[in-house]
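**Q** Below is protein_23.txt; it holds compact mmCIF, N, CA and C atoms.
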# COMPACT_ATOMS: atom_id res chain seq x y z
N MET A 1 0.85 -1.16 0.00
CA MET A 1 0.00 0.00 0.00
C MET A 1 0.90 1.23 0.00
N ALA A 2 0.54 2.20 -0.81
CA ALA A 2 1.29 3.46 -0.88
C ALA A 2 0.36 4.61 -0.56
N LYS A 3 0.84 5.52 0.29
CA LYS A 3 0.02 6.67 0.71
C LYS A 3 0.45 7.92 -0.03
N SER A 4 -0.53 8.78 -0.26
CA SER A 4 -0.25 10.12 -0.77
C SER A 4 -1.06 11.10 0.07
N ASP A 5 -1.03 12.37 -0.26
CA ASP A 5 -1.75 13.38 0.54
C ASP A 5 -3.25 13.14 0.59
N SER A 6 -3.84 12.64 -0.50
CA SER A 6 -5.29 12.54 -0.54
C SER A 6 -5.82 11.12 -0.46
N GLY A 7 -4.98 10.15 -0.27
CA GLY A 7 -5.46 8.77 -0.21
C GLY A 7 -4.32 7.79 -0.39
N TRP A 8 -4.61 6.66 -0.98
CA TRP A 8 -3.58 5.65 -1.21
C TRP A 8 -3.98 4.75 -2.36
N TYR A 9 -3.05 3.96 -2.80
CA TYR A 9 -3.35 2.93 -3.79
C TYR A 9 -2.66 1.66 -3.37
N GLU A 10 -3.15 0.57 -3.89
CA GLU A 10 -2.57 -0.73 -3.59
C GLU A 10 -2.77 -1.67 -4.76
N TYR A 11 -2.04 -2.77 -4.75
CA TYR A 11 -2.16 -3.80 -5.76
C TYR A 11 -2.80 -5.02 -5.13
N ILE A 12 -3.72 -5.60 -5.86
CA ILE A 12 -4.43 -6.76 -5.36
C ILE A 12 -4.14 -7.93 -6.30
N ASP A 13 -3.64 -9.03 -5.75
CA ASP A 13 -3.37 -10.21 -6.57
C ASP A 13 -4.69 -10.80 -7.06
N HIS A 14 -4.67 -11.27 -8.29
CA HIS A 14 -5.82 -11.99 -8.82
C HIS A 14 -5.32 -13.01 -9.82
N THR A 15 -6.14 -13.98 -10.11
CA THR A 15 -5.74 -15.05 -11.03
C THR A 15 -6.62 -15.03 -12.26
N ALA A 16 -6.77 -13.84 -12.86
CA ALA A 16 -7.67 -13.71 -14.00
C ALA A 16 -6.94 -13.85 -15.34
N ASP A 17 -5.69 -14.26 -15.31
CA ASP A 17 -4.94 -14.41 -16.55
C ASP A 17 -4.28 -15.79 -16.60
N ILE A 18 -4.19 -16.33 -17.80
CA ILE A 18 -3.52 -17.61 -18.01
C ILE A 18 -2.63 -17.48 -19.24
N CYS A 19 -1.39 -17.87 -19.11
CA CYS A 19 -0.48 -17.89 -20.25
C CYS A 19 -0.63 -19.24 -20.94
N LEU A 20 -0.94 -19.21 -22.23
CA LEU A 20 -1.05 -20.46 -22.98
C LEU A 20 0.07 -20.52 -24.01
N ARG A 21 0.47 -21.72 -24.35
CA ARG A 21 1.56 -21.93 -25.30
C ARG A 21 1.20 -23.07 -26.24
N GLY A 22 1.25 -22.80 -27.52
CA GLY A 22 1.09 -23.83 -28.54
C GLY A 22 2.48 -24.26 -29.01
N ILE A 23 2.68 -25.55 -29.15
CA ILE A 23 3.98 -26.09 -29.56
C ILE A 23 3.74 -27.02 -30.73
N GLY A 24 4.56 -26.90 -31.77
CA GLY A 24 4.38 -27.75 -32.93
C GLY A 24 5.64 -27.92 -33.75
N GLU A 25 5.57 -28.85 -34.68
CA GLU A 25 6.67 -29.09 -35.60
C GLU A 25 6.81 -27.95 -36.60
N THR A 26 5.69 -27.26 -36.88
CA THR A 26 5.67 -26.13 -37.80
C THR A 26 5.05 -24.93 -37.09
N LEU A 27 5.22 -23.78 -37.69
CA LEU A 27 4.59 -22.57 -37.15
C LEU A 27 3.08 -22.71 -37.15
N GLU A 28 2.53 -23.25 -38.24
CA GLU A 28 1.09 -23.44 -38.33
C GLU A 28 0.58 -24.37 -37.22
N GLU A 29 1.32 -25.42 -36.94
CA GLU A 29 0.92 -26.35 -35.88
C GLU A 29 0.96 -25.67 -34.51
N ALA A 30 1.93 -24.81 -34.28
CA ALA A 30 1.99 -24.07 -33.01
C ALA A 30 0.77 -23.16 -32.87
N PHE A 31 0.35 -22.50 -33.96
CA PHE A 31 -0.85 -21.65 -33.93
C PHE A 31 -2.10 -22.50 -33.66
N ILE A 32 -2.17 -23.65 -34.29
CA ILE A 32 -3.31 -24.56 -34.08
C ILE A 32 -3.36 -25.01 -32.63
N GLN A 33 -2.22 -25.39 -32.07
CA GLN A 33 -2.19 -25.86 -30.68
C GLN A 33 -2.52 -24.73 -29.71
N GLY A 34 -2.15 -23.50 -30.06
CA GLY A 34 -2.54 -22.35 -29.24
C GLY A 34 -4.05 -22.18 -29.22
N ALA A 35 -4.69 -22.35 -30.39
CA ALA A 35 -6.15 -22.27 -30.46
C ALA A 35 -6.79 -23.40 -29.67
N ARG A 36 -6.25 -24.60 -29.79
CA ARG A 36 -6.78 -25.73 -29.02
C ARG A 36 -6.66 -25.46 -27.52
N ALA A 37 -5.53 -24.89 -27.11
CA ALA A 37 -5.34 -24.56 -25.69
C ALA A 37 -6.39 -23.57 -25.21
N MET A 38 -6.66 -22.55 -26.04
CA MET A 38 -7.63 -21.53 -25.64
C MET A 38 -9.03 -22.13 -25.50
N PHE A 39 -9.45 -22.94 -26.47
CA PHE A 39 -10.80 -23.51 -26.39
C PHE A 39 -10.89 -24.58 -25.31
N THR A 40 -9.79 -25.25 -25.01
CA THR A 40 -9.80 -26.24 -23.93
C THR A 40 -9.97 -25.56 -22.57
N LEU A 41 -9.51 -24.32 -22.44
CA LEU A 41 -9.78 -23.57 -21.21
C LEU A 41 -11.28 -23.36 -21.01
N MET A 42 -12.01 -23.22 -22.11
CA MET A 42 -13.43 -22.88 -22.05
C MET A 42 -14.33 -24.09 -21.84
N LEU A 43 -13.94 -25.24 -22.40
CA LEU A 43 -14.79 -26.42 -22.31
C LEU A 43 -14.01 -27.67 -22.69
N ASP A 44 -14.66 -28.80 -22.58
CA ASP A 44 -14.04 -30.07 -22.96
C ASP A 44 -14.03 -30.14 -24.49
N ILE A 45 -12.92 -29.75 -25.09
CA ILE A 45 -12.83 -29.62 -26.55
C ILE A 45 -13.06 -30.95 -27.27
N GLU A 46 -12.78 -32.04 -26.62
CA GLU A 46 -12.97 -33.36 -27.24
C GLU A 46 -14.44 -33.67 -27.49
N THR A 47 -15.34 -32.95 -26.82
CA THR A 47 -16.78 -33.18 -27.01
C THR A 47 -17.38 -32.31 -28.11
N ILE A 48 -16.59 -31.40 -28.66
CA ILE A 48 -17.08 -30.50 -29.72
C ILE A 48 -16.98 -31.22 -31.06
N LEU A 49 -18.11 -31.40 -31.70
CA LEU A 49 -18.14 -32.06 -33.01
C LEU A 49 -17.92 -31.03 -34.11
N PRO A 50 -17.15 -31.39 -35.15
CA PRO A 50 -16.88 -30.46 -36.24
C PRO A 50 -18.05 -30.39 -37.22
N GLN A 51 -19.18 -29.85 -36.78
CA GLN A 51 -20.40 -29.86 -37.58
C GLN A 51 -20.53 -28.68 -38.53
N GLU A 52 -20.01 -27.53 -38.15
CA GLU A 52 -20.10 -26.34 -38.99
C GLU A 52 -18.70 -25.79 -39.20
N ASP A 53 -18.46 -25.29 -40.43
CA ASP A 53 -17.13 -24.75 -40.69
C ASP A 53 -17.20 -23.27 -41.01
N LEU A 54 -16.07 -22.61 -40.81
CA LEU A 54 -15.97 -21.18 -40.97
C LEU A 54 -14.58 -20.85 -41.49
N ASP A 55 -14.51 -20.00 -42.50
CA ASP A 55 -13.23 -19.55 -43.01
C ASP A 55 -12.74 -18.38 -42.17
N ILE A 56 -11.44 -18.37 -41.91
CA ILE A 56 -10.81 -17.33 -41.09
C ILE A 56 -9.69 -16.70 -41.91
N ARG A 57 -9.57 -15.39 -41.81
CA ARG A 57 -8.45 -14.69 -42.43
C ARG A 57 -8.06 -13.54 -41.53
N CYS A 58 -6.78 -13.43 -41.25
CA CYS A 58 -6.28 -12.31 -40.47
C CYS A 58 -4.86 -11.99 -40.91
N GLN A 59 -4.40 -10.81 -40.55
CA GLN A 59 -3.07 -10.39 -40.96
C GLN A 59 -2.46 -9.48 -39.92
N ALA A 60 -1.13 -9.40 -39.95
CA ALA A 60 -0.41 -8.55 -39.00
C ALA A 60 0.99 -8.26 -39.55
N ILE A 61 1.63 -7.28 -38.97
CA ILE A 61 2.96 -6.89 -39.43
C ILE A 61 4.08 -7.72 -38.82
N SER A 62 3.74 -8.56 -37.84
CA SER A 62 4.74 -9.46 -37.25
C SER A 62 4.07 -10.78 -36.90
N MET A 63 4.87 -11.81 -36.76
CA MET A 63 4.34 -13.12 -36.42
C MET A 63 3.74 -13.11 -35.02
N ASP A 64 4.35 -12.39 -34.10
CA ASP A 64 3.79 -12.27 -32.74
C ASP A 64 2.38 -11.69 -32.80
N LEU A 65 2.25 -10.57 -33.50
CA LEU A 65 0.94 -9.92 -33.58
C LEU A 65 -0.07 -10.78 -34.33
N LEU A 66 0.41 -11.58 -35.29
CA LEU A 66 -0.50 -12.48 -36.01
C LEU A 66 -1.11 -13.51 -35.08
N PHE A 67 -0.34 -13.99 -34.11
CA PHE A 67 -0.87 -14.96 -33.15
C PHE A 67 -2.02 -14.34 -32.34
N VAL A 68 -1.84 -13.10 -31.90
CA VAL A 68 -2.91 -12.42 -31.16
C VAL A 68 -4.12 -12.21 -32.06
N GLU A 69 -3.89 -11.81 -33.30
CA GLU A 69 -4.99 -11.61 -34.24
C GLU A 69 -5.77 -12.91 -34.47
N TRP A 70 -5.06 -14.01 -34.63
CA TRP A 70 -5.66 -15.33 -34.84
C TRP A 70 -6.57 -15.71 -33.69
N LEU A 71 -6.02 -15.67 -32.48
CA LEU A 71 -6.83 -16.05 -31.31
C LEU A 71 -7.98 -15.08 -31.08
N SER A 72 -7.73 -13.79 -31.30
CA SER A 72 -8.79 -12.79 -31.12
C SER A 72 -9.91 -12.98 -32.13
N GLU A 73 -9.55 -13.32 -33.36
CA GLU A 73 -10.57 -13.58 -34.39
C GLU A 73 -11.40 -14.80 -34.02
N LEU A 74 -10.76 -15.83 -33.48
CA LEU A 74 -11.51 -17.02 -33.06
C LEU A 74 -12.48 -16.67 -31.93
N LEU A 75 -12.05 -15.87 -30.97
CA LEU A 75 -12.95 -15.44 -29.89
C LEU A 75 -14.11 -14.62 -30.44
N ALA A 76 -13.81 -13.71 -31.35
CA ALA A 76 -14.86 -12.89 -31.95
C ALA A 76 -15.86 -13.75 -32.70
N GLN A 77 -15.38 -14.71 -33.47
CA GLN A 77 -16.28 -15.58 -34.23
C GLN A 77 -17.12 -16.46 -33.30
N LYS A 78 -16.53 -16.87 -32.19
CA LYS A 78 -17.31 -17.63 -31.20
C LYS A 78 -18.48 -16.78 -30.70
N ASP A 79 -18.20 -15.52 -30.41
CA ASP A 79 -19.25 -14.64 -29.91
C ASP A 79 -20.28 -14.31 -30.99
N ILE A 80 -19.84 -14.12 -32.21
CA ILE A 80 -20.74 -13.75 -33.31
C ILE A 80 -21.61 -14.93 -33.73
N THR A 81 -20.99 -16.09 -33.92
CA THR A 81 -21.70 -17.25 -34.48
C THR A 81 -22.26 -18.19 -33.43
N GLY A 82 -21.72 -18.12 -32.20
CA GLY A 82 -22.13 -19.07 -31.17
C GLY A 82 -21.44 -20.41 -31.28
N LEU A 83 -20.48 -20.52 -32.20
CA LEU A 83 -19.76 -21.78 -32.40
C LEU A 83 -18.54 -21.87 -31.49
N TYR A 84 -18.31 -23.05 -30.95
CA TYR A 84 -17.07 -23.37 -30.24
C TYR A 84 -16.30 -24.32 -31.15
N PHE A 85 -15.01 -24.08 -31.30
CA PHE A 85 -14.23 -24.78 -32.32
C PHE A 85 -13.35 -25.88 -31.73
N SER A 86 -13.21 -26.95 -32.51
CA SER A 86 -12.35 -28.07 -32.09
C SER A 86 -11.41 -28.52 -33.19
N SER A 87 -11.64 -28.06 -34.40
CA SER A 87 -10.82 -28.46 -35.54
C SER A 87 -10.30 -27.20 -36.22
N PHE A 88 -8.99 -27.17 -36.45
CA PHE A 88 -8.35 -25.96 -36.97
C PHE A 88 -7.39 -26.34 -38.10
N ARG A 89 -7.44 -25.55 -39.15
CA ARG A 89 -6.48 -25.72 -40.25
C ARG A 89 -6.03 -24.33 -40.65
N VAL A 90 -4.72 -24.10 -40.73
CA VAL A 90 -4.22 -22.77 -41.07
C VAL A 90 -3.06 -22.86 -42.06
N GLN A 91 -2.91 -21.76 -42.79
CA GLN A 91 -1.75 -21.56 -43.65
C GLN A 91 -1.28 -20.14 -43.40
N ILE A 92 0.02 -19.99 -43.19
CA ILE A 92 0.59 -18.67 -42.95
C ILE A 92 1.51 -18.33 -44.11
N ILE A 93 1.29 -17.16 -44.69
CA ILE A 93 2.10 -16.70 -45.81
C ILE A 93 2.81 -15.42 -45.39
N ASP A 94 4.10 -15.36 -45.67
CA ASP A 94 4.92 -14.20 -45.36
C ASP A 94 5.05 -13.35 -46.62
N HIS A 95 4.24 -12.29 -46.68
CA HIS A 95 4.42 -11.28 -47.72
C HIS A 95 5.48 -10.34 -47.17
N GLU A 96 6.14 -9.61 -47.99
CA GLU A 96 7.31 -8.84 -47.58
C GLU A 96 7.18 -8.12 -46.25
N ASP A 97 6.09 -7.41 -46.04
CA ASP A 97 5.95 -6.66 -44.80
C ASP A 97 4.64 -6.98 -44.08
N LEU A 98 4.06 -8.14 -44.40
CA LEU A 98 2.79 -8.52 -43.81
C LEU A 98 2.67 -10.04 -43.74
N PHE A 99 2.26 -10.54 -42.61
CA PHE A 99 2.01 -11.97 -42.46
C PHE A 99 0.50 -12.18 -42.56
N VAL A 100 0.08 -13.13 -43.38
CA VAL A 100 -1.34 -13.39 -43.61
C VAL A 100 -1.64 -14.84 -43.23
N LEU A 101 -2.66 -15.01 -42.41
CA LEU A 101 -3.12 -16.33 -42.00
C LEU A 101 -4.49 -16.56 -42.63
N THR A 102 -4.62 -17.67 -43.34
CA THR A 102 -5.93 -18.11 -43.82
C THR A 102 -6.16 -19.50 -43.27
N GLY A 103 -7.40 -19.79 -43.00
CA GLY A 103 -7.66 -21.11 -42.44
C GLY A 103 -9.13 -21.43 -42.39
N GLU A 104 -9.38 -22.62 -41.87
CA GLU A 104 -10.74 -23.10 -41.68
C GLU A 104 -10.83 -23.67 -40.28
N VAL A 105 -11.91 -23.33 -39.60
CA VAL A 105 -12.18 -23.88 -38.27
C VAL A 105 -13.53 -24.57 -38.32
N ARG A 106 -13.67 -25.59 -37.49
CA ARG A 106 -14.92 -26.34 -37.45
C ARG A 106 -15.33 -26.53 -36.00
N GLY A 107 -16.64 -26.52 -35.79
CA GLY A 107 -17.14 -26.70 -34.44
C GLY A 107 -18.65 -26.79 -34.41
N GLU A 108 -19.19 -26.53 -33.23
CA GLU A 108 -20.64 -26.57 -33.05
C GLU A 108 -21.06 -25.62 -31.94
N ARG A 109 -22.36 -25.42 -31.85
CA ARG A 109 -22.89 -24.56 -30.80
C ARG A 109 -22.82 -25.25 -29.43
N LEU A 110 -22.77 -24.44 -28.41
CA LEU A 110 -22.60 -24.95 -27.05
C LEU A 110 -23.83 -25.72 -26.59
N ASP A 111 -23.58 -26.90 -26.04
CA ASP A 111 -24.59 -27.71 -25.36
C ASP A 111 -24.07 -27.88 -23.93
N GLN A 112 -24.66 -27.15 -22.99
CA GLN A 112 -24.18 -27.11 -21.60
C GLN A 112 -23.99 -28.51 -21.01
N ALA A 113 -24.91 -29.40 -21.26
CA ALA A 113 -24.85 -30.73 -20.66
C ALA A 113 -23.73 -31.59 -21.25
N ARG A 114 -23.48 -31.43 -22.54
CA ARG A 114 -22.50 -32.29 -23.20
C ARG A 114 -21.09 -31.72 -23.23
N HIS A 115 -20.96 -30.40 -23.25
CA HIS A 115 -19.65 -29.78 -23.44
C HIS A 115 -18.95 -29.38 -22.14
N HIS A 116 -19.63 -29.38 -21.03
CA HIS A 116 -19.04 -29.09 -19.73
C HIS A 116 -18.24 -27.78 -19.73
N PRO A 117 -18.92 -26.63 -19.86
CA PRO A 117 -18.22 -25.34 -19.86
C PRO A 117 -17.39 -25.15 -18.60
N LYS A 118 -16.24 -24.51 -18.77
CA LYS A 118 -15.32 -24.25 -17.65
C LYS A 118 -15.15 -22.75 -17.46
N LEU A 119 -14.16 -22.18 -18.10
CA LEU A 119 -13.86 -20.75 -17.97
C LEU A 119 -14.34 -19.99 -19.19
N GLU A 120 -14.53 -18.71 -19.02
CA GLU A 120 -14.80 -17.84 -20.16
C GLU A 120 -13.53 -17.07 -20.48
N VAL A 121 -13.02 -17.20 -21.68
CA VAL A 121 -11.88 -16.39 -22.12
C VAL A 121 -12.47 -15.09 -22.65
N LYS A 122 -12.10 -13.98 -22.02
CA LYS A 122 -12.66 -12.68 -22.38
C LYS A 122 -11.84 -11.97 -23.44
N ALA A 123 -10.52 -12.14 -23.39
CA ALA A 123 -9.68 -11.41 -24.32
C ALA A 123 -8.32 -12.06 -24.44
N VAL A 124 -7.69 -11.82 -25.57
CA VAL A 124 -6.31 -12.23 -25.81
C VAL A 124 -5.46 -10.99 -25.59
N THR A 125 -4.36 -11.11 -24.84
CA THR A 125 -3.54 -9.94 -24.53
C THR A 125 -2.16 -10.06 -25.19
N TYR A 126 -1.43 -8.96 -25.12
CA TYR A 126 -0.06 -8.92 -25.64
C TYR A 126 0.95 -9.34 -24.58
N CYS A 127 0.48 -9.54 -23.38
CA CYS A 127 1.36 -9.93 -22.28
C CYS A 127 1.95 -11.32 -22.54
N GLY A 128 3.22 -11.48 -22.33
CA GLY A 128 3.87 -12.77 -22.52
C GLY A 128 3.92 -13.23 -23.96
N LEU A 129 3.64 -12.33 -24.89
CA LEU A 129 3.54 -12.68 -26.30
C LEU A 129 4.91 -13.04 -26.88
N HIS A 130 4.97 -14.21 -27.50
CA HIS A 130 6.20 -14.65 -28.16
C HIS A 130 5.87 -15.75 -29.16
N VAL A 131 6.38 -15.59 -30.36
CA VAL A 131 6.28 -16.63 -31.38
C VAL A 131 7.68 -16.84 -31.92
N GLY A 132 8.13 -18.08 -31.97
CA GLY A 132 9.47 -18.37 -32.49
C GLY A 132 9.83 -19.82 -32.34
N ARG A 133 11.09 -20.09 -32.55
CA ARG A 133 11.62 -21.45 -32.43
C ARG A 133 12.25 -21.66 -31.07
N LYS A 134 12.09 -22.86 -30.57
CA LYS A 134 12.78 -23.27 -29.36
C LYS A 134 13.30 -24.67 -29.66
N GLY A 135 14.60 -24.76 -29.93
CA GLY A 135 15.16 -26.03 -30.37
C GLY A 135 14.60 -26.38 -31.73
N ASP A 136 14.06 -27.58 -31.85
CA ASP A 136 13.50 -28.01 -33.13
C ASP A 136 11.98 -27.82 -33.21
N LYS A 137 11.40 -27.12 -32.26
CA LYS A 137 9.95 -26.88 -32.22
C LYS A 137 9.65 -25.39 -32.39
N PHE A 138 8.43 -25.13 -32.85
CA PHE A 138 7.93 -23.75 -32.90
C PHE A 138 7.00 -23.56 -31.71
N ILE A 139 7.05 -22.37 -31.12
CA ILE A 139 6.14 -22.05 -30.02
C ILE A 139 5.39 -20.76 -30.35
N ALA A 140 4.17 -20.67 -29.87
CA ALA A 140 3.36 -19.46 -29.97
C ALA A 140 2.66 -19.32 -28.63
N GLN A 141 2.93 -18.22 -27.93
CA GLN A 141 2.36 -18.07 -26.60
C GLN A 141 1.89 -16.65 -26.35
N CYS A 142 0.93 -16.53 -25.46
CA CYS A 142 0.44 -15.25 -24.98
C CYS A 142 -0.43 -15.50 -23.74
N VAL A 143 -0.82 -14.42 -23.12
CA VAL A 143 -1.69 -14.49 -21.95
C VAL A 143 -3.12 -14.18 -22.40
N VAL A 144 -4.07 -14.96 -21.90
CA VAL A 144 -5.48 -14.68 -22.13
C VAL A 144 -6.13 -14.28 -20.81
N ASP A 145 -7.08 -13.39 -20.92
CA ASP A 145 -7.83 -12.89 -19.75
C ASP A 145 -9.06 -13.77 -19.58
N VAL A 146 -9.17 -14.39 -18.41
CA VAL A 146 -10.32 -15.28 -18.14
C VAL A 146 -11.15 -14.72 -17.00
As structure tokens, how would this structure be written, given the file I've shared?

**A**
Amino acid sequence: MAKSDSGWYEYIDHTADICLRGIGETLEEAFIQGARAMFTLMLDIETILPQEDLDIRCQAISMDLLFVEWLSELLAQKDITGLYFSSFRVQIIDHEDLFVLTGEVRGERLDQARHHPKLEVKAVTYCGLHVGRKGDKFIAQCVVDV
């Protein structure tokens, strides 16, 4: 706690953030595993049937920012369409000064009894953001607000 002339401020610990990391043999696989990690926080992803598909496209000026755009677009589409995703396919293309991700995701609408909802992911943040190689694997990580 810190005091000033007119009052004080303090920091309160909370556990509203989770750092997730996707790991794969390729960059695309790391992005896919990051998406799987995010949806697994929300529900039992293995119970989501790939009944409806949706095309996804996003872009960014860096690979790190593309990961945030990817996960943020998935969250937005979940809110817009009501679909929770379990199947992901992506392709990442490096244009000279822009990275473009195109892909297809598949899923279904939430069934409370069958999908066992857990946490709500509210936002994808730039905290802990890193995309790159670690040894012979690619990693894509960031913190999500739950």

**Q** So which residues of chain A fall under strand (DSSP E or B) by DSSP, listed as number ranges by chain?

**A** A: 2-4, 7-9, 17-24, 52-60, 83-95, 98-109, 123-124, 130-134, 137-145

**Q** Residues within 8 Å of region 21-25 of chain A, please, as a ChimeraX atom specification. Count only N, CA and C atoms; anything in the same chain fewer than 5 positions from it doesn't count.

**A** /A:30-38,136-143

**Q** Only N, CA and C atoms, please: the residues just picked out, written as an mmCIF file, keeping the file's coordinate frame.

**A**
data_model
loop_
_atom_site.group_PDB
_atom_site.id
_atom_site.type_symbol
_atom_site.label_atom_id
_atom_site.label_comp_id
_atom_site.auth_asym_id
_atom_site.auth_seq_id
_atom_site.Cartn_x
_atom_site.Cartn_y
_atom_site.Cartn_z
ATOM 1 N N ALA A 30 1.930 -24.810 -34.280
ATOM 2 C CA ALA A 30 1.990 -24.070 -33.010
ATOM 3 C C ALA A 30 0.770 -23.160 -32.870
ATOM 4 N N PHE A 31 0.350 -22.500 -33.960
ATOM 5 C CA PHE A 31 -0.850 -21.650 -33.930
ATOM 6 C C PHE A 31 -2.100 -22.500 -33.660
ATOM 7 N N ILE A 32 -2.170 -23.650 -34.290
ATOM 8 C CA ILE A 32 -3.310 -24.560 -34.080
ATOM 9 C C ILE A 32 -3.360 -25.010 -32.630
ATOM 10 N N GLN A 33 -2.220 -25.390 -32.070
ATOM 11 C CA GLN A 33 -2.190 -25.860 -30.680
ATOM 12 C C GLN A 33 -2.520 -24.730 -29.710
ATOM 13 N N GLY A 34 -2.150 -23.500 -30.060
ATOM 14 C CA GLY A 34 -2.540 -22.350 -29.240
ATOM 15 C C GLY A 34 -4.050 -22.180 -29.220
ATOM 16 N N ALA A 35 -4.690 -22.350 -30.390
ATOM 17 C CA ALA A 35 -6.150 -22.270 -30.460
ATOM 18 C C ALA A 35 -6.790 -23.400 -29.670
ATOM 19 N N ARG A 36 -6.250 -24.600 -29.790
ATOM 20 C CA ARG A 36 -6.780 -25.730 -29.020
ATOM 21 C C ARG A 36 -6.660 -25.460 -27.520
ATOM 22 N N ALA A 37 -5.530 -24.890 -27.110
ATOM 23 C CA ALA A 37 -5.340 -24.560 -25.690
ATOM 24 C C ALA A 37 -6.390 -23.570 -25.210
ATOM 25 N N MET A 38 -6.660 -22.550 -26.040
ATOM 26 C CA MET A 38 -7.630 -21.530 -25.640
ATOM 27 C C MET A 38 -9.030 -22.130 -25.500
ATOM 28 N N ASP A 136 14.060 -27.580 -31.850
ATOM 29 C CA ASP A 136 13.500 -28.010 -33.130
ATOM 30 C C ASP A 136 11.980 -27.820 -33.210
ATOM 31 N N LYS A 137 11.400 -27.120 -32.260
ATOM 32 C CA LYS A 137 9.950 -26.880 -32.220
ATOM 33 C C LYS A 137 9.650 -25.390 -32.390
ATOM 34 N N PHE A 138 8.430 -25.130 -32.850
ATOM 35 C CA PHE A 138 7.930 -23.750 -32.900
ATOM 36 C C PHE A 138 7.000 -23.560 -31.710
ATOM 37 N N ILE A 139 7.050 -22.370 -31.120
ATOM 38 C CA ILE A 139 6.140 -22.050 -30.020
ATOM 39 C C ILE A 139 5.390 -20.760 -30.350
ATOM 40 N N ALA A 140 4.170 -20.670 -29.870
ATOM 41 C CA ALA A 140 3.360 -19.460 -29.970
ATOM 42 C C ALA A 140 2.660 -19.320 -28.630
ATOM 43 N N GLN A 141 2.930 -18.220 -27.930
ATOM 44 C CA GLN A 141 2.360 -18.070 -26.600
ATOM 45 C C GLN A 141 1.890 -16.650 -26.350
ATOM 46 N N CYS A 142 0.930 -16.530 -25.460
ATOM 47 C CA CYS A 142 0.440 -15.250 -24.980
ATOM 48 C C CYS A 142 -0.430 -15.500 -23.740
ATOM 49 N N VAL A 143 -0.820 -14.420 -23.120
ATOM 50 C CA VAL A 143 -1.690 -14.490 -21.950
ATOM 51 C C VAL A 143 -3.120 -14.180 -22.400
#

**Q** Find the residues near Arg109 (chain A): any atom within 12 Å, counting only C-alpha atoms, skip ones fewer than 3 places away on the same chain, and give them as JSON, numbers by chain.

**A** {"A": [43, 47, 48, 49, 50, 51, 52, 53, 77, 78, 79, 80, 81, 82, 83, 84, 85, 86, 106, 112, 114, 115, 117]}

**Q** When distances are computed from only C-alpha atoms, which of A:Phe67, A:Ile56, A:Phe39, A:Thr26 shows the smallest separation from Val131 (chain A)?

**A** A:Phe67

**Q** Nearest to Glu29 (chain A): which of A:Val90, A:Leu101, A:His130, A:Glu120 is it, counting only N, CA and C atoms?

**A** A:Val90

**Q** Measuring between only N, CA and C atoms, which one of A:Val146, A:Lys122, A:Leu27, A:Ala16 shows the shortest distance to Leu75 (chain A)?

**A** A:Lys122

**Q** Distance CA of Leu98 (chain A)-atom N of Lys134 (chain A), one decimal place?

**A**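 Atom N of Lys134 (chain A) lies 21.6 Å from CA of Leu98 (chain A).
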
**Q** Between atom C of Leu66 (chain A) and atom C of Asp111 (chain A), what is the distance, to one decimal in Å?

**A**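 So the two atoms, atom C of Leu66 (chain A) and atom C of Asp111 (chain A), lie 29.3 Å apart.
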
**Q** Looking at all atoms listed in the file, which of A:Val100, A:Ile18, A:Leu129, A:Met42 is the one that sits closest to Gln59 (chain A)?

**A**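 Between A:Val100, A:Ile18, A:Leu129, A:Met42, the residue approaching Gln59 (chain A) most closely is A:Val100.
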